[in-house]
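Coordinates as given in run.cif (mmCIF, C-alpha atoms):
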data_input
loop_
_atom_site.label_atom_id
_atom_site.label_comp_id
_atom_site.auth_asym_id
_atom_site.auth_seq_id
_atom_site.Cartn_x
_atom_site.Cartn_y
_atom_site.Cartn_z
CA MET P 1 -18.71 -58.18 28.43
CA ARG P 2 -17.63 -57.48 24.88
CA ARG P 3 -21.09 -56.18 24.00
CA ALA P 4 -20.96 -53.73 26.94
CA ALA P 5 -17.57 -52.44 25.77
CA ILE P 6 -18.90 -51.87 22.26
CA LEU P 7 -21.96 -50.02 23.57
CA TRP P 8 -19.73 -47.87 25.80
CA ALA P 9 -17.47 -46.99 22.85
CA LEU P 10 -20.48 -46.06 20.73
CA ALA P 11 -21.87 -43.87 23.50
CA LEU P 12 -18.58 -42.02 23.89
CA GLY P 13 -18.22 -41.62 20.14
CA GLY P 14 -21.73 -40.20 19.91
CA CYS P 15 -20.92 -37.54 22.50
CA SER P 16 -17.81 -36.41 20.66
CA ALA P 17 -19.63 -36.41 17.33
CA PHE P 18 -22.36 -34.18 18.79
CA ASP P 19 -19.82 -31.41 19.39
CA ALA P 20 -17.76 -31.99 16.24
CA HIS P 21 -19.57 -29.20 14.36
CA SER P 22 -18.74 -26.55 16.92
CA PHE P 23 -16.22 -23.79 16.50
CA ASP P 24 -12.99 -23.76 18.52
CA ARG P 25 -13.98 -24.50 22.14
CA SER P 26 -10.61 -23.34 23.46
CA ALA P 27 -11.36 -19.88 22.03
CA GLY P 28 -14.66 -19.80 23.92
CA TRP P 29 -17.13 -20.87 21.21
CA ARG P 30 -20.10 -22.99 22.30
CA ALA P 31 -23.07 -24.39 20.39
CA ALA P 32 -26.20 -22.63 21.60
CA GLN P 33 -29.88 -22.21 20.88
CA VAL P 34 -31.91 -18.99 20.85
CA VAL P 35 -34.47 -19.16 23.67
CA SER P 36 -35.93 -15.65 23.45
CA VAL P 37 -35.80 -12.63 21.15
CA GLY P 38 -37.03 -9.15 21.97
CA LYS P 39 -35.83 -5.84 23.38
CA MET P 40 -32.83 -5.40 25.63
CA GLY P 41 -34.85 -3.68 28.35
CA GLU P 42 -37.25 -6.63 28.58
CA LEU P 43 -34.83 -9.56 28.36
CA ALA P 44 -31.47 -8.52 29.85
CA ALA P 45 -32.45 -9.51 33.39
CA THR P 46 -33.50 -13.01 32.25
CA ALA P 47 -29.99 -14.08 31.18
CA ASP P 48 -27.34 -15.53 33.49
CA ARG P 49 -24.85 -13.16 31.84
CA ASP P 50 -25.68 -9.91 30.03
CA CYS P 51 -23.42 -9.21 27.07
CA GLY P 52 -25.64 -6.46 25.71
CA ALA P 53 -24.52 -3.72 28.06
CA ASP P 54 -20.80 -3.99 27.37
CA GLY P 55 -20.10 -0.30 27.47
CA ALA P 56 -22.18 0.64 24.45
CA ASP P 57 -25.37 2.29 25.67
CA ARG P 58 -27.69 0.94 23.00
CA GLY P 59 -30.91 1.60 24.86
CA ALA P 60 -33.73 -0.53 26.21
CA ALA P 61 -35.39 -0.84 22.78
CA ALA P 62 -32.30 -2.37 21.09
CA PRO P 63 -32.77 -5.85 19.57
CA TYR P 64 -31.65 -8.55 21.98
CA ALA P 65 -31.50 -12.35 22.14
CA VAL P 66 -30.97 -14.79 24.98
CA VAL P 67 -29.16 -18.00 24.01
CA ARG P 68 -28.67 -21.14 26.09
CA TYR P 69 -25.53 -23.31 25.87
CA ARG P 70 -23.88 -26.22 27.65
CA ASN P 71 -20.55 -25.51 29.28
CA GLY P 72 -19.85 -29.14 30.07
CA GLY P 73 -21.95 -31.51 32.10
CA VAL P 74 -25.71 -31.42 32.18
CA HIS P 75 -26.23 -27.83 33.33
CA THR P 76 -26.89 -25.03 30.88
CA ARG P 77 -26.17 -21.32 31.10
CA SER P 78 -27.62 -18.39 29.21
CA ILE P 79 -26.09 -15.28 27.68
CA GLY P 80 -28.04 -12.25 26.53
CA THR P 81 -26.61 -10.28 23.63
CA GLY P 82 -27.46 -7.71 21.03
CA HIS P 83 -24.43 -8.66 18.92
CA TRP P 84 -25.88 -10.54 15.93
CA PRO P 85 -24.44 -11.38 12.54
CA ALA P 86 -25.01 -8.55 10.05
CA GLY P 87 -28.40 -8.86 8.43
CA ALA P 88 -29.46 -11.83 10.58
CA SER P 89 -33.01 -12.19 11.78
CA LEU P 90 -32.95 -14.51 14.77
CA LYS P 91 -35.95 -16.44 16.03
CA VAL P 92 -36.55 -18.77 18.97
CA GLY P 93 -35.10 -22.19 18.27
CA ASP P 94 -32.33 -21.03 15.91
CA ALA P 95 -29.00 -22.83 16.32
CA VAL P 96 -26.10 -20.41 16.86
CA GLU P 97 -22.56 -20.36 18.19
CA VAL P 98 -21.76 -18.01 21.09
CA ASN P 99 -18.38 -16.95 22.40
CA VAL P 100 -18.53 -17.24 26.19
CA LEU P 101 -15.13 -15.55 26.61
CA ASP P 102 -15.70 -12.48 24.41
CA CYS P 103 -18.90 -10.48 24.92
CA ALA P 104 -18.12 -8.29 21.91
CA ALA P 105 -18.08 -11.26 19.51
CA PRO P 106 -21.34 -11.47 17.59
CA LEU P 107 -23.34 -14.68 17.55
CA ALA P 108 -22.48 -16.90 14.60
CA LEU P 109 -25.19 -18.79 12.78
CA ALA P 110 -24.59 -22.54 13.12
CA ALA P 111 -24.10 -24.61 10.02
CA PRO P 112 -27.19 -26.50 8.84
CA ALA P 113 -27.30 -30.13 9.98
CA ASN P 114 -26.29 -31.39 6.53
CA GLN P 115 -23.09 -29.27 6.60
CA ARG P 116 -21.94 -29.93 10.17
CA GLY P 117 -18.38 -31.10 10.46
CA SER P 118 -17.36 -29.37 7.25
CA ASN P 119 -16.36 -26.00 8.74
CA SER P 120 -12.76 -25.11 9.44
CA GLY P 121 -13.25 -24.47 13.15
CA THR P 122 -13.21 -20.73 12.66
CA PRO P 123 -16.45 -18.76 12.82
CA SER P 124 -17.52 -17.26 9.53
CA ARG P 125 -18.91 -13.78 9.93
#

Target format structure tokens, applied to this file:
Amino acid sequence: MRRAAILWALALGGCSAFDAHSFDRSAGWRAAQVVSVGKMGELAATADRDCGADGADRGAAAPYAVVRYRNGGVHTRSIGTGHWPAGASLKVGDAVEVNVLDCAAPLALAAPANQRGSNSGTPSR
């Protein structure tokens, strides 16, 4: 019985540690991964939510990325956006942070694995 309790505590601790590197969840930030990069006209329809056409008519040829994130549970959602960090060159597989509450917020590059947990909880842009 004691062994089961210890394993359960470790499992719960592992789940909370996984998300410890993320920005402020209450402000809408979620850890995400880039799943496709291309042009807005080609990718916008592939995302669950399109944050690229937020009033700024940037055109079908504008750079665009689709990122996938967990919003709790086992299901994932995707957001398409053309709002990237200045000077960033995104590629499939990149770890990013996405704000699911604010479409105008640019993606934030996630901290490298060796620096996770050391950020202040506020996205650096």

**OP:** Considering all atoms listed in the file, state which residue in the set P:Leu101, P:Ala108, P:Asp94, P:Ala61 is at the smallest distance from Ser26 in chain P.
**Re:**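 Of P:Leu101, P:Ala108, P:Asp94, P:Ala61, the one nearest Ser26 in chain P is P:Leu101, counting all atoms listed in the file.
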
Original post:
Written as a PyMOL selection string, what is the full residue list that the PyMOL selection byres ((chain P and resi 92) around 10) yields on the file shown?
Top reply: chain P and resi 33-37+65-67+90-91+93-95

Save out the residues we just selected, C-alpha atoms, as a CSV table (one decimal), in the frame of the given file.
chain,number,residue,atom,x,y,z
P,33,GLN,CA,-29.9,-22.2,20.9
P,34,VAL,CA,-31.9,-19.0,20.8
P,35,VAL,CA,-34.5,-19.2,23.7
P,36,SER,CA,-35.9,-15.6,23.4
P,37,VAL,CA,-35.8,-12.6,21.2
P,65,ALA,CA,-31.5,-12.4,22.1
P,66,VAL,CA,-31.0,-14.8,25.0
P,67,VAL,CA,-29.2,-18.0,24.0
P,90,LEU,CA,-33.0,-14.5,14.8
P,91,LYS,CA,-36.0,-16.4,16.0
P,93,GLY,CA,-35.1,-22.2,18.3
P,94,ASP,CA,-32.3,-21.0,15.9
P,95,ALA,CA,-29.0,-22.8,16.3

Original post:
Smallest atom-to-atom distance to Asp24 in chain P: which of P:Ser89, P:Asn99, P:Thr81, P:Thr76, using only C-alpha atoms?
Top reply: P:Asn99

Subject >> Residue nearest Glu97 in chain P - candidates P:Leu109, P:Ala47, P:Ala27, P:Val74, atoms counted: all atoms listed in the file >> reply: P:Leu109

Original post:
Which residue out of P:Ala45, P:Cys103, P:Met40, P:Val98 has the minimum interatomic distance to Pro63 in chain P when only C-alpha atoms are used?
Top reply: P:Met40

Original post:
Got a sec to resolve the PyMOL selection byres ((chain P and resi 39) around 7) on this structure and send the residues as a list in words?
Top reply: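 With the PyMOL selection byres ((chain P and resi 39) around 7) on this model, the match is Gly38, Met40, Gly41, Glu42, Leu43, Ala60, Ala61, Ala62, Pro63 and Tyr64 of chain P.
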
**OP:** Mind giving me the straight-line distance from CA of Gly52 in chain P to CA of Gly80 in chain P in Å, one decimal?
**Re:** 6.3 Å

Subject >> Atomic separation - CA of Arg30 in chain P relative to CA of Tyr69 in chain P, Å >> reply: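 These two atoms are separated by 6.5 Å.
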
Original post:
Distance CA of Thr46 in chain P-CA of Ala31 in chain P, one decimal place?
Top reply: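 Between CA of Thr46 in chain P and CA of Ala31 in chain P the gap is 19.5 Å.
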